[in-house]
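S.K.: The structure file my_file.tsv (TSV, C-alpha atoms and all ligand atoms) is provided below.
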chain	number	residue	atom	x	y	z
M	1273	MET	CA	0.00	0.00	0.00
M	1274	ILE	CA	1.09	3.58	-0.73
M	1275	ASP	CA	-0.35	5.20	2.36
M	1276	LEU	CA	-0.80	8.94	1.83
M	1277	ARG	CA	-3.42	9.44	4.55
M	1278	SER	CA	-1.03	11.12	6.98
M	1279	ASP	CA	2.60	11.50	7.98
M	1280	THR	CA	1.58	9.95	11.31
M	1281	VAL	CA	1.70	6.48	9.68
M	1282	THR	CA	5.50	6.68	9.53
M	1283	LEU	CA	7.33	3.88	11.32
M	1284	PRO	CA	10.47	4.40	13.41
M	1285	THR	CA	13.83	4.08	11.65
M	1286	PRO	CA	16.30	1.28	12.52
M	1287	ALA	CA	18.41	3.88	14.35
M	1288	MET	CA	15.40	4.80	16.48
M	1289	ARG	CA	14.76	1.17	17.42
M	1290	GLU	CA	18.41	0.84	18.33
M	1291	ALA	CA	18.28	3.99	20.48
M	1292	ILE	CA	15.10	2.75	22.19
M	1293	ALA	CA	16.82	-0.53	23.09
M	1294	ARG	CA	19.84	1.23	24.58
M	1295	ALA	CA	18.10	4.19	26.25
M	1296	GLU	CA	19.25	5.17	29.72
M	1297	LEU	CA	16.10	5.45	31.86
M	1298	GLY	CA	14.76	6.84	35.13
M	1299	ASP	CA	11.49	8.06	36.62
M	1300	ASP	CA	10.55	11.13	34.62
M	1301	VAL	CA	7.84	12.20	37.08
M	1302	PHE	CA	10.76	12.71	39.50
M	1303	GLY	CA	12.66	14.48	36.70
M	1304	GLU	CA	15.15	11.60	36.71
M	1305	ASP	CA	14.99	10.19	33.20
M	1306	PRO	CA	18.25	11.33	31.60
M	1307	THR	CA	17.04	10.61	28.08
M	1308	VAL	CA	13.88	12.67	28.54
M	1309	ASN	CA	15.94	15.46	30.08
M	1310	ARG	CA	18.25	15.42	27.07
M	1311	LEU	CA	15.38	15.54	24.58
M	1312	GLU	CA	13.71	18.39	26.47
M	1313	ALA	CA	16.94	20.40	26.50
M	1314	MET	CA	17.37	19.83	22.75
M	1315	ALA	CA	13.78	20.88	22.09
M	1316	ALA	CA	14.02	24.07	24.15
M	1317	GLU	CA	17.25	24.99	22.38
M	1318	THR	CA	15.78	24.27	18.94
M	1319	VAL	CA	12.86	26.65	19.39
M	1320	GLY	CA	14.75	29.18	21.52
M	1321	LYS	CA	12.76	28.81	24.75
M	1322	GLU	CA	13.96	28.31	28.34
M	1323	ALA	CA	12.34	24.93	28.91
M	1324	ALA	CA	10.44	22.09	27.29
M	1325	MET	CA	8.29	19.15	28.38
M	1326	LEU	CA	7.67	15.84	26.63
M	1327	VAL	CA	3.97	14.96	26.21
M	1328	ALA	CA	2.15	11.96	24.78
M	1329	SER	CA	0.75	13.71	21.70
M	1330	GLY	CA	0.31	17.01	19.91
M	1331	THR	CA	-3.24	17.12	21.20
M	1332	MET	CA	-2.02	16.82	24.78
M	1333	GLY	CA	0.58	19.53	24.20
M	1334	ASN	CA	-2.01	21.94	22.80
M	1335	LEU	CA	-4.48	21.08	25.57
M	1336	ILE	CA	-1.92	21.67	28.33
M	1337	ALA	CA	-0.84	24.93	26.69
M	1338	LEU	CA	-4.40	26.27	26.57
M	1339	LEU	CA	-5.13	25.12	30.13
M	1340	ALA	CA	-1.90	26.72	31.36
M	1341	HIS	CA	-2.65	30.01	29.61
M	1342	CYS	CA	-6.38	30.25	30.36
M	1343	PRO	CA	-8.24	30.30	33.67
M	1344	ARG	CA	-11.78	28.85	33.52
M	1345	GLY	CA	-14.12	31.10	31.60
M	1346	ALA	CA	-11.29	32.86	29.76
M	1347	LYS	CA	-11.04	33.03	25.99
M	1348	ALA	CA	-8.47	31.32	23.83
M	1349	ILE	CA	-8.57	33.13	20.49
M	1350	VAL	CA	-7.94	30.47	17.83
M	1351	GLY	CA	-8.14	30.14	14.06
M	1352	ALA	CA	-11.54	28.93	12.87
M	1353	LEU	CA	-9.76	26.23	10.83
M	1354	SER	CA	-7.12	25.44	13.43
M	1355	HIS	CA	-6.37	21.94	14.63
M	1356	SER	CA	-7.00	22.90	18.24
M	1357	TYR	CA	-10.45	24.23	17.36
M	1358	LEU	CA	-11.58	21.52	14.95
M	1359	TYR	CA	-9.76	18.30	15.69
M	1360	GLU	CA	-9.02	18.04	19.41
M	1361	GLY	CA	-12.41	17.12	20.79
M	1362	GLY	CA	-12.95	20.59	22.24
M	1363	GLY	CA	-10.60	19.49	25.03
M	1364	ALA	CA	-9.79	22.92	26.46
M	1365	SER	CA	-13.53	23.66	26.76
M	1366	ALA	CA	-14.49	20.21	27.99
M	1367	LEU	CA	-11.75	19.91	30.61
M	1368	GLY	CA	-10.77	23.51	31.37
M	1369	GLY	CA	-13.87	25.65	30.83
M	1370	VAL	CA	-11.94	27.60	28.19
M	1371	VAL	CA	-14.03	29.62	25.73
M	1372	LEU	CA	-12.55	28.67	22.36
M	1373	THR	CA	-13.17	31.81	20.31
M	1374	PRO	CA	-12.60	31.37	16.57
M	1375	VAL	CA	-11.44	34.13	14.24
M	1376	PRO	CA	-11.40	33.37	10.49
M	1377	ASN	CA	-8.34	31.87	8.81
M	1378	THR	CA	-7.30	32.97	5.34
M	1379	PRO	CA	-6.93	30.15	2.76
M	1380	GLU	CA	-3.16	30.35	3.39
M	1381	GLY	CA	-3.55	29.56	7.09
M	1382	GLU	CA	-3.02	33.08	8.44
M	1383	LEU	CA	-5.36	34.64	10.98
M	1384	ASP	CA	-7.56	37.33	9.42
M	1385	LEU	CA	-5.82	40.30	11.02
M	1386	ASP	CA	-8.84	42.64	10.79
M	1387	ALA	CA	-11.00	40.09	12.58
M	1388	LEU	CA	-8.27	39.50	15.16
M	1389	ARG	CA	-7.92	43.24	15.71
M	1390	ALA	CA	-11.70	43.58	16.15
M	1391	GLU	CA	-11.73	40.71	18.63
M	1392	LEU	CA	-8.85	42.22	20.60
M	1393	GLU	CA	-10.46	45.65	20.62
M	1394	LEU	CA	-13.58	44.47	22.42
M	1395	PRO	CA	-13.96	46.73	25.43
M	1396	ASP	CA	-13.00	45.54	28.89
M	1397	ASP	CA	-16.64	44.94	29.79
M	1398	PRO	CA	-18.03	42.26	32.12
M	1399	HIS	CA	-20.32	40.99	29.35
M	1400	PHE	CA	-17.33	39.44	27.64
M	1401	ALA	CA	-15.18	36.51	28.61
M	1402	GLU	CA	-11.65	37.78	29.20
M	1403	PRO	CA	-9.11	36.87	26.53
M	1404	ALA	CA	-6.05	34.99	27.80
M	1405	VAL	CA	-4.11	33.77	24.75
M	1406	VAL	CA	-3.96	34.02	20.95
M	1407	ALA	CA	-3.11	30.76	19.17
M	1408	VAL	CA	-1.58	30.34	15.71
M	1409	GLU	CA	-0.65	27.24	13.68
M	1410	ASN	CA	2.37	26.71	11.41
M	1411	THR	CA	2.37	24.81	9.09
M	1412	HIS	CA	-1.39	25.09	8.85
M	1413	ASN	CA	-2.84	21.61	8.46
M	1414	ARG	CA	-6.42	22.29	7.32
M	1415	CYS	CA	-5.26	25.16	5.08
M	1416	GLY	CA	-3.35	22.86	2.75
M	1417	GLY	CA	-0.32	22.36	4.97
M	1418	GLU	CA	0.81	25.89	4.06
M	1419	ALA	CA	3.83	27.40	5.73
M	1420	VAL	CA	2.76	30.70	7.26
M	1421	PRO	CA	5.26	33.54	6.75
M	1422	VAL	CA	7.23	34.76	9.75
M	1423	ALA	CA	6.05	38.31	9.02
M	1424	HIS	CA	2.47	37.23	9.75
M	1425	MET	CA	3.56	35.61	13.00
M	1426	ALA	CA	5.19	38.91	13.94
M	1427	ASP	CA	1.98	40.82	13.11
M	1428	VAL	CA	-0.10	38.51	15.32
M	1429	ALA	CA	2.42	38.77	18.17
M	1430	GLU	CA	2.41	42.54	17.95
M	1431	LEU	CA	-1.41	42.71	18.18
M	1432	ALA	CA	-1.59	40.16	21.00
M	1433	HIS	CA	1.27	41.62	23.04
M	1434	ARG	CA	-0.14	45.14	22.71
M	1435	ARG	CA	-3.25	43.76	24.42
M	1436	GLY	CA	-1.04	42.05	27.02
M	1437	LEU	CA	-1.77	38.54	25.72
M	1438	PRO	CA	0.71	35.73	25.07
M	1439	VAL	CA	0.86	33.88	21.75
M	1440	PHE	CA	0.80	30.10	21.56
M	1441	LEU	CA	2.08	28.41	18.40
M	1442	ASP	CA	0.81	24.98	17.42
M	1443	GLY	CA	3.94	24.08	15.51
M	1444	ALA	CA	3.11	20.39	15.03
M	1445	ARG	CA	5.08	20.59	11.75
M	1446	ILE	CA	7.36	23.51	12.57
M	1447	PHE	CA	10.33	21.80	10.84
M	1448	ASP	CA	8.33	21.66	7.60
M	1449	ALA	CA	7.48	25.33	8.04
M	1450	ALA	CA	11.11	26.27	8.59
M	1451	LEU	CA	12.19	24.35	5.51
M	1452	ALA	CA	9.53	25.90	3.27
M	1453	LEU	CA	10.24	29.40	4.59
M	1454	GLU	CA	14.01	28.90	4.39
M	1455	THR	CA	14.42	29.81	8.02
M	1456	THR	CA	14.83	28.08	11.40
M	1457	PRO	CA	12.25	26.78	13.90
M	1458	ARG	CA	13.75	29.27	16.34
M	1459	ALA	CA	13.05	32.23	14.02
M	1460	ILE	CA	9.43	31.08	13.65
M	1461	ALA	CA	8.96	30.45	17.37
M	1462	GLU	CA	10.49	33.81	18.22
M	1463	HIS	CA	7.07	35.36	17.65
M	1464	ALA	CA	5.36	33.02	20.08
M	1465	ASP	CA	5.64	32.82	23.86
M	1466	THR	CA	4.91	29.11	23.92
M	1467	VAL	CA	5.09	26.45	21.21
M	1468	SER	CA	4.30	22.78	20.69
M	1469	PHE	CA	5.72	20.49	18.03
M	1470	CYS	CA	5.36	16.82	17.08
M	1471	LEU	CA	8.01	14.11	16.82
M	1472	SER	CA	5.59	11.53	15.48
M	1473	LYS	CA	4.65	13.06	12.14
M	1474	GLY	CA	7.21	13.82	9.43
M	1475	LEU	CA	10.05	13.13	11.87
M	1476	ALA	CA	8.80	9.53	12.12
M	1477	ALA	CA	9.24	8.95	15.85
M	1478	PRO	CA	6.65	6.50	17.19
M	1479	VAL	CA	5.23	8.74	19.95
M	1480	GLY	CA	5.61	12.18	21.41
M	1481	SER	CA	5.40	15.94	21.21
M	1482	LEU	CA	7.14	18.77	23.03
M	1483	LEU	CA	5.63	21.79	24.71
M	1484	CYS	CA	8.11	24.66	25.11
M	1485	GLY	CA	8.12	28.02	26.85
M	1486	SER	CA	9.51	29.90	29.84
M	1487	ARG	CA	10.68	27.95	32.87
M	1488	ALA	CA	7.69	29.18	34.89
M	1489	PHE	CA	5.24	28.20	32.13
M	1490	ILE	CA	6.68	24.70	31.83
M	1491	GLU	CA	6.51	24.26	35.63
M	1492	ARG	CA	2.80	25.06	35.47
M	1493	ALA	CA	2.46	22.76	32.46
M	1494	ARG	CA	4.07	19.87	34.40
M	1495	ARG	CA	1.42	20.11	37.09
M	1496	ILE	CA	-1.32	20.02	34.46
M	1497	ARG	CA	0.28	17.11	32.61
M	1498	LYS	CA	0.32	15.11	35.87
M	1499	THR	CA	-3.34	15.95	36.51
M	1500	LEU	CA	-4.25	14.69	33.03
M	1501	GLY	CA	-2.48	11.40	33.70
M	1502	GLY	CA	0.35	12.28	31.35
M	1503	GLY	CA	3.27	11.65	33.75
M	1504	MET	CA	4.99	8.82	31.91
M	1505	ARG	CA	7.72	7.42	34.24
M	1506	GLN	CA	10.44	5.71	32.09
M	1507	ALA	CA	9.52	7.87	29.13
M	1508	GLY	CA	13.10	7.79	27.91
M	1509	ILE	CA	11.91	4.84	25.80
M	1510	ILE	CA	9.97	7.42	23.80
M	1511	ALA	CA	12.46	10.24	24.12
M	1512	ALA	CA	15.31	8.11	22.75
M	1513	ALA	CA	13.51	7.83	19.42
M	1514	GLY	CA	12.65	11.52	19.58
M	1515	ILE	CA	16.31	12.48	19.90
M	1516	VAL	CA	17.18	10.42	16.82
M	1517	ALA	CA	14.21	12.02	15.03
M	1518	MET	CA	15.47	15.52	15.73
M	1519	GLN	CA	19.04	14.60	14.82
M	1520	THR	CA	18.45	12.61	11.65
M	1521	MET	CA	14.99	13.22	10.20
M	1522	VAL	CA	14.75	16.98	9.67
M	1523	GLU	CA	16.79	17.43	6.49
M	1524	ARG	CA	14.99	14.67	4.63
M	1525	LEU	CA	11.70	16.59	4.90
M	1526	ALA	CA	12.87	18.26	1.67
M	1527	ASP	CA	12.15	14.94	-0.10
M	1528	ASP	CA	8.57	15.06	1.18
M	1529	HIS	CA	8.10	18.60	-0.08
M	1530	ARG	CA	9.49	17.69	-3.50
M	1531	ASN	CA	7.26	14.62	-3.66
M	1532	ALA	CA	4.19	16.64	-2.67
M	1533	GLU	CA	4.89	19.17	-5.43
M	1534	THR	CA	5.25	16.35	-7.98
M	1535	LEU	CA	2.03	14.78	-6.74
M	1536	ALA	CA	0.18	18.11	-6.94
M	1537	ARG	CA	1.30	18.62	-10.55
M	1538	GLY	CA	0.42	15.05	-11.48
M	1539	LEU	CA	-3.06	15.18	-9.95
M	1540	ALA	CA	-3.70	18.59	-11.53
M	1541	GLY	CA	-3.29	16.96	-14.95
M	1542	ILE	CA	-6.09	14.45	-14.35
M	1543	ALA	CA	-9.58	15.18	-15.69
M	1544	GLY	CA	-12.15	15.21	-12.89
M	1545	LEU	CA	-9.74	16.35	-10.15
M	1546	ARG	CA	-9.02	19.88	-8.98
M	1547	VAL	CA	-5.92	20.52	-6.89
M	1548	GLN	CA	-6.07	23.30	-4.30
M	1549	ARG	CA	-3.32	25.78	-5.00
M	1550	ALA	CA	-0.79	26.44	-2.30
M	1551	ARG	CA	1.46	29.46	-1.95
M	1552	ARG	CA	4.01	27.64	0.19
M	1553	ARG	CA	3.31	23.94	-0.10
M	1554	THR	CA	5.01	21.59	2.33
M	1555	ASN	CA	4.14	17.88	2.51
M	1556	MET	CA	0.41	18.00	1.76
M	1557	VAL	CA	-1.82	18.08	-1.29
M	1558	PHE	CA	-5.50	18.88	-0.90
M	1559	PHE	CA	-7.61	18.09	-3.94
M	1560	GLU	CA	-11.24	17.87	-4.88
M	1561	VAL	CA	-13.18	15.41	-6.94
M	1562	ILE	CA	-15.34	17.41	-9.34
M	1563	GLY	CA	-18.64	15.63	-8.80
M	1564	SER	CA	-20.94	14.36	-6.08
M	1565	ALA	CA	-19.90	13.06	-2.65
M	1566	ALA	CA	-20.93	9.58	-3.87
M	1567	GLN	CA	-18.59	9.86	-6.86
M	1568	ALA	CA	-15.84	11.07	-4.56
M	1569	SER	CA	-16.14	8.02	-2.34
M	1570	ARG	CA	-16.21	5.73	-5.42
M	1571	PHE	CA	-13.00	7.43	-6.57
M	1572	GLU	CA	-11.41	6.88	-3.15
M	1573	ALA	CA	-12.42	3.19	-3.22
M	1574	ALA	CA	-11.07	2.73	-6.75
M	1575	LEU	CA	-7.81	4.30	-5.67
M	1576	LYS	CA	-7.62	2.00	-2.66
M	1577	ALA	CA	-8.21	-1.00	-4.93
M	1578	ARG	CA	-5.08	0.15	-6.79
M	1579	GLY	CA	-3.05	0.27	-3.59
M	1580	VAL	CA	-3.21	3.98	-2.73
M	1581	LEU	CA	-4.76	5.38	0.45
M	1582	ILE	CA	-5.82	9.02	0.84
M	1583	SER	CA	-7.68	10.81	3.58
M	1584	PRO	CA	-11.24	12.15	3.10
M	1585	ARG	CA	-11.54	15.67	4.55
M	1586	TYR	CA	-14.96	17.14	3.86
M	1587	LEU	CA	-17.55	16.34	1.17
M	1588	THR	CA	-15.53	15.86	-2.02
M	1589	VAL	CA	-12.16	17.05	-0.70
M	1590	PHE	CA	-9.25	14.71	0.03
M	1591	ARG	CA	-5.81	15.11	1.54
M	1592	ALA	CA	-2.65	13.28	0.48
M	1593	VAL	CA	0.46	13.58	2.66
M	1594	THR	CA	4.01	12.65	1.69
M	1595	HIS	CA	6.40	11.24	4.28
M	1596	TYR	CA	9.31	8.96	5.20
M	1597	GLY	CA	8.74	5.65	3.44
M	1598	ILE	CA	7.21	7.22	0.33
M	1599	ASP	CA	9.69	7.75	-2.52
M	1600	SER	CA	9.40	9.38	-5.92
M	1601	ALA	CA	8.57	6.05	-7.59
M	1602	ASP	CA	5.62	5.69	-5.19
M	1603	ILE	CA	4.45	9.15	-6.22
M	1604	GLY	CA	4.58	8.15	-9.87
M	1605	ARG	CA	2.55	5.03	-9.08
M	1606	ALA	CA	0.04	7.06	-7.05
M	1607	ILE	CA	-0.49	9.48	-9.93
M	1608	ASP	CA	-1.01	6.60	-12.39
M	1609	ALA	CA	-3.47	5.00	-9.97
M	1610	ALA	CA	-5.37	8.27	-9.58
M	1611	ARG	CA	-5.60	8.65	-13.35
M	1612	ALA	CA	-7.02	5.16	-13.70
M	1613	ALA	CA	-9.39	5.57	-10.74
M	1614	ALA	CA	-10.66	8.88	-12.12
M	1615	ALA	CA	-11.23	7.37	-15.56
M	1616	GLU	CA	-13.16	4.50	-13.99
M	1617	THR	CA	-15.35	6.46	-11.58
M	1618	LEU	CA	-15.64	10.04	-12.85
M	1619	ALA	CA	-16.26	9.53	-16.59
M	1620	ALA	CA	-19.26	11.59	-17.71
M	1701	LIG	C1	-1.46	16.33	14.21
M	1701	LIG	C2	-1.66	17.70	14.71
M	1701	LIG	C3	-1.88	17.94	16.06
M	1701	LIG	C4	-2.12	16.82	17.07
M	1701	LIG	O1	-1.13	15.90	17.17
M	1701	LIG	P1	-1.47	14.39	17.67
M	1701	LIG	O2	-0.13	13.89	18.05
M	1701	LIG	O3	-2.08	13.70	16.51
M	1701	LIG	O4	-2.38	14.50	18.83
M	1701	LIG	C5	-1.99	19.24	16.48
M	1701	LIG	N1	-1.89	20.26	15.61
M	1701	LIG	C6	-1.68	20.07	14.31
M	1701	LIG	C7	-1.56	21.24	13.40
M	1701	LIG	C8	-1.57	18.78	13.81
M	1701	LIG	O5	-1.40	18.59	12.49
Transcribe the structure of this file into structure tokens.
Ligand SMILES: *Cc1c(COP(=O)(O)O)cnc(C)c1O
M.R.:
Amino acid sequence: MIDLRSDTVTLPTPAMREAIARAELGDDVFGEDPTVNRLEAMAAETVGKEAAMLVASGTMGNLIALLAHCPRGAKAIVGALSHSYLYEGGGASALGGVVLTPVPNTPEGELDLDALRAELELPDDPHFAEPAVVAVENTHNRCGGEAVPVAHMADVAELAHRRGLPVFLDGARIFDAALALETTPRAIAEHADTVSFCLSKGLAAPVGSLLCGSRAFIERARRIRKTLGGGMRQAGIIAAAGIVAMQTMVERLADDHRNAETLARGLAGIAGLRVQRARRRTNMVFFEVIGSAAQASRFEAALKARGVLISPRYLTVFRAVTHYGIDSADIGRAIDAARAAAAETLAA
């Protein structure tokens, strides 16, 4: 199978399995797992923050960040198409009484700055929930995996900070963003007070995300992680693979970006499919089947019968993600399969 549903399907590399087997371990709830401590120091350094904390998933990292920033009844201002708003089970609301307050995203994954400004200019009036954080996402998953320019991050930070609010960056794929923007994760995270990123997507580690910020913020975050049941004891088993991921799997993301571009061009040449354009594509291709939802699911099934898996998003829109384990020959085969599946299911 050529599995293009997500970069989360990536399996650990042989070097990761080796590192897992040899990892030096301790009780991380006591702060005594040397491998976790090493990973956390690397992560903090990479994004230019004082401290970092290993968590079980990106969802847990985002949840802890919002809970740490927002008292009950406070607003987290989030993108209307953001992962934390759409795809995390409303966790911050459900568990923390946080008022998730969406502002529109542009198709390129930016926050609509006029809408953000309007939201931030609401008067200090007891009718309104008090804002406590502004959250951004980079790369922006639901907006085509676009890398969001650093200048936009700076604009958001300026508006938020002027209102006295911190900025949280969901940087699940911050290494993809840095590559596409020809900059560093640190330069992107500079415009955020706190940031999360994933080890288990394009970097191919089996488990884990990092939440990073000031020492005081991470101390608060550790208490919340424990409360959520996320204190993981000999978590060096996970961290060992994460260290290898950060050391060996970042540069190869360029292959994924090249493969995604090739896939986008290939799919764009197929009658019956429309590829969403991207200003700064990373490792994702969103495309639409021109037809009914029923035709779209027949297309998906025909593609699967030819050994290619894609991810349905909404109605007739699909997402294909390139990643470790998918090479350029696989992309060629996927395009051929899509052409055949389209001819079979979308012919007039
Ligand atoms: C995948 C993802 C997450 C959540 O990560 P999980 O490890 O799957 O919980 C958060 N934000 C974005 C933008 C993501 O793509």
S.K.: List all protein, DNA and RNA residues that have an atom no more than 7 Å from any atom of ligand LIG 1701 (chain M), counting all atoms listed in the file, and report them as a PDB file with C-alpha atoms, in the coordinates of the input.
M.R.:
ATOM      1  CA  SER M1329       0.750  13.710  21.700  1.00  0.00           C
ATOM      2  CA  GLY M1330       0.310  17.010  19.910  1.00  0.00           C
ATOM      3  CA  THR M1331      -3.240  17.120  21.200  1.00  0.00           C
ATOM      4  CA  MET M1332      -2.020  16.820  24.780  1.00  0.00           C
ATOM      5  CA  ASN M1334      -2.010  21.940  22.800  1.00  0.00           C
ATOM      6  CA  SER M1354      -7.120  25.440  13.430  1.00  0.00           C
ATOM      7  CA  HIS M1355      -6.370  21.940  14.630  1.00  0.00           C
ATOM      8  CA  SER M1356      -7.000  22.900  18.240  1.00  0.00           C
ATOM      9  CA  GLU M1409      -0.650  27.240  13.680  1.00  0.00           C
ATOM     10  CA  THR M1411       2.370  24.810   9.090  1.00  0.00           C
ATOM     11  CA  HIS M1412      -1.390  25.090   8.850  1.00  0.00           C
ATOM     12  CA  ASN M1413      -2.840  21.610   8.460  1.00  0.00           C
ATOM     13  CA  ASP M1442       0.810  24.980  17.420  1.00  0.00           C
ATOM     14  CA  GLY M1443       3.940  24.080  15.510  1.00  0.00           C
ATOM     15  CA  ALA M1444       3.110  20.390  15.030  1.00  0.00           C
ATOM     16  CA  ARG M1445       5.080  20.590  11.750  1.00  0.00           C
ATOM     17  CA  CYS M1470       5.360  16.820  17.080  1.00  0.00           C
ATOM     18  CA  SER M1472       5.590  11.530  15.480  1.00  0.00           C
ATOM     19  CA  GLY M1480       5.610  12.180  21.410  1.00  0.00           C
ATOM     20  CA  SER M1481       5.400  15.940  21.210  1.00  0.00           C
TER      21      SER M1481
END
S.K.: Could you pull the residues within 12 Å of Arg1294 (chain M), counting all atoms listed in the file, minus those fewer than 2 positions along the same chain, as a PDB file with C-alpha atoms, keeping the file's coordinate frame?
M.R.:
ATOM      1  CA  ALA M1287      18.410   3.880  14.350  1.00  0.00           C
ATOM      2  CA  MET M1288      15.400   4.800  16.480  1.00  0.00           C
ATOM      3  CA  ARG M1289      14.760   1.170  17.420  1.00  0.00           C
ATOM      4  CA  GLU M1290      18.410   0.840  18.330  1.00  0.00           C
ATOM      5  CA  ALA M1291      18.280   3.990  20.480  1.00  0.00           C
ATOM      6  CA  ILE M1292      15.100   2.750  22.190  1.00  0.00           C
ATOM      7  CA  GLU M1296      19.250   5.170  29.720  1.00  0.00           C
ATOM      8  CA  LEU M1297      16.100   5.450  31.860  1.00  0.00           C
ATOM      9  CA  THR M1307      17.040  10.610  28.080  1.00  0.00           C
ATOM     10  CA  GLY M1508      13.100   7.790  27.910  1.00  0.00           C
ATOM     11  CA  ILE M1509      11.910   4.840  25.800  1.00  0.00           C
ATOM     12  CA  ILE M1510       9.970   7.420  23.800  1.00  0.00           C
ATOM     13  CA  ALA M1511      12.460  10.240  24.120  1.00  0.00           C
ATOM     14  CA  ALA M1512      15.310   8.110  22.750  1.00  0.00           C
ATOM     15  CA  ALA M1513      13.510   7.830  19.420  1.00  0.00           C
TER      16      ALA M1513
END
S.K.: Which neighbours of region 1474-1477 of chain M fall inside 8 Å, counting only C-alpha atoms, when residues of the same chain fewer than 3 positions from it are skipped, and could you give them as number ranges by chain?
M.R.: M: 1279-1280, 1282-1285, 1288, 1445, 1470-1471, 1480, 1513-1514, 1517-1518, 1521-1522, 1525, 1595-1596
S.K.: CA of Ile1603 (chain M) to CA of Val1420 (chain M): how many Å, to one decimal?
M.R.: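 Going from CA of Ile1603 (chain M) over to CA of Val1420 (chain M), I get 25.5 Å.
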S.K.: So how many Å separate CA of Pro1478 (chain M) and CA of Met1504 (chain M), to one decimal?
M.R.: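 Computing the Euclidean distance for CA of Pro1478 (chain M) and CA of Met1504 (chain M) yields 15.0 Å.
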S.K.: Just want the 10 Å neighbourhood of Leu1451 (chain M), counted on only C-alpha atoms, with same-chain residues fewer than 3 positions away dropped. Output as a short mmCIF file (atom, residue, chain, number, x, y, z; two decimals) with C-alpha atoms, in the coordinates of the input.
M.R.:
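Printed below is around_39.cif as written:
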data_model
loop_
_atom_site.label_atom_id
_atom_site.label_comp_id
_atom_site.auth_asym_id
_atom_site.auth_seq_id
_atom_site.Cartn_x
_atom_site.Cartn_y
_atom_site.Cartn_z
CA ALA M 1419 3.83 27.40 5.73
CA ILE M 1446 7.36 23.51 12.57
CA PHE M 1447 10.33 21.80 10.84
CA ASP M 1448 8.33 21.66 7.60
CA GLU M 1454 14.01 28.90 4.39
CA THR M 1455 14.42 29.81 8.02
CA THR M 1456 14.83 28.08 11.40
CA PRO M 1457 12.25 26.78 13.90
CA VAL M 1522 14.75 16.98 9.67
CA GLU M 1523 16.79 17.43 6.49
CA LEU M 1525 11.70 16.59 4.90
CA ALA M 1526 12.87 18.26 1.67
CA HIS M 1529 8.10 18.60 -0.08
CA THR M 1554 5.01 21.59 2.33
#
S.K.: For the contact check between region 1557-1613 of chain M and region 1541-1544 of chain M, emit one row per residue of region 1557-1613 of chain M within 7 Å, containing the shortest atom pair and the distance in Å rounded to one decimal, counting only C-alpha atoms, chain then rising number order, as a tab-separated table.
M.R.:
residue	atom	partner	partner_atom	distance
M:Val1561	CA	M:Gly1544	CA	6.0
M:Ile1562	CA	M:Gly1544	CA	5.3
M:Arg1611	CA	M:Ile1542	CA	5.9
S.K.: Taking only C-alpha atoms into account, name the residue in M:Ala1337, M:Ala1390, M:Leu1385, M:Leu1453 that is nearest to His1424 (chain M).
M.R.: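 Counting only C-alpha atoms, the residue closest to His1424 (chain M) is M:Leu1385.
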S.K.: Would you kindly return, as a compact mmCIF listing (two decimals) with C-alpha atoms, in the frame of the given file, each protein, DNA or RNA residue with an atom no farther than 12 Å from any atom of Glu1317 (chain M), considering only C-alpha atoms and excluding same-chain residues fewer than 2 positions away?
M.R.:
# COMPACT_ATOMS: atom_id res chain seq x y z
CA ARG M 1310 18.25 15.42 27.07
CA LEU M 1311 15.38 15.54 24.58
CA GLU M 1312 13.71 18.39 26.47
CA ALA M 1313 16.94 20.40 26.50
CA MET M 1314 17.37 19.83 22.75
CA ALA M 1315 13.78 20.88 22.09
CA VAL M 1319 12.86 26.65 19.39
CA GLY M 1320 14.75 29.18 21.52
CA LYS M 1321 12.76 28.81 24.75
CA GLU M 1322 13.96 28.31 28.34
CA ALA M 1323 12.34 24.93 28.91
CA ALA M 1324 10.44 22.09 27.29
CA THR M 1456 14.83 28.08 11.40
CA PRO M 1457 12.25 26.78 13.90
CA ARG M 1458 13.75 29.27 16.34
CA ALA M 1459 13.05 32.23 14.02
CA ALA M 1461 8.96 30.45 17.37
CA GLU M 1462 10.49 33.81 18.22
CA LEU M 1482 7.14 18.77 23.03
CA CYS M 1484 8.11 24.66 25.11
CA GLY M 1485 8.12 28.02 26.85
CA SER M 1486 9.51 29.90 29.84
CA MET M 1518 15.47 15.52 15.73
S.K.: Choose the residue, out of M:Ala1404, M:Thr1373, M:Leu1388, M:Ser1468, that has the smallest atom-to-atom separation from Leu1335 (chain M); count all atoms listed in the file.
M.R.: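 Checking each of M:Ala1404, M:Thr1373, M:Leu1388, M:Ser1468 against Leu1335 (chain M), counting all atoms listed in the file, the winner is M:Ser1468.
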S.K.: Write out as number ranges by chain the residues lying within 9 Å of Ile1598 (chain M), counting only C-alpha atoms and excluding same-chain residues fewer than 3 positions away.
M.R.: M: 1274-1276, 1528, 1531, 1594-1595, 1601-1603
S.K.: Next, write the just-selected residues to a file, as an mmCIF file, in the coordinates of the input, keeping C-alpha atoms as the atom set.
M.R.:
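Okay, this is what ended up in selection34.cif:
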data_model
loop_
_atom_site.group_PDB
_atom_site.id
_atom_site.type_symbol
_atom_site.label_atom_id
_atom_site.label_comp_id
_atom_site.auth_asym_id
_atom_site.auth_seq_id
_atom_site.Cartn_x
_atom_site.Cartn_y
_atom_site.Cartn_z
ATOM 1 C CA ILE M 1274 1.090 3.580 -0.730
ATOM 2 C CA ASP M 1275 -0.350 5.200 2.360
ATOM 3 C CA LEU M 1276 -0.800 8.940 1.830
ATOM 4 C CA ASP M 1528 8.570 15.060 1.180
ATOM 5 C CA ASN M 1531 7.260 14.620 -3.660
ATOM 6 C CA THR M 1594 4.010 12.650 1.690
ATOM 7 C CA HIS M 1595 6.400 11.240 4.280
ATOM 8 C CA ALA M 1601 8.570 6.050 -7.590
ATOM 9 C CA ASP M 1602 5.620 5.690 -5.190
ATOM 10 C CA ILE M 1603 4.450 9.150 -6.220
#
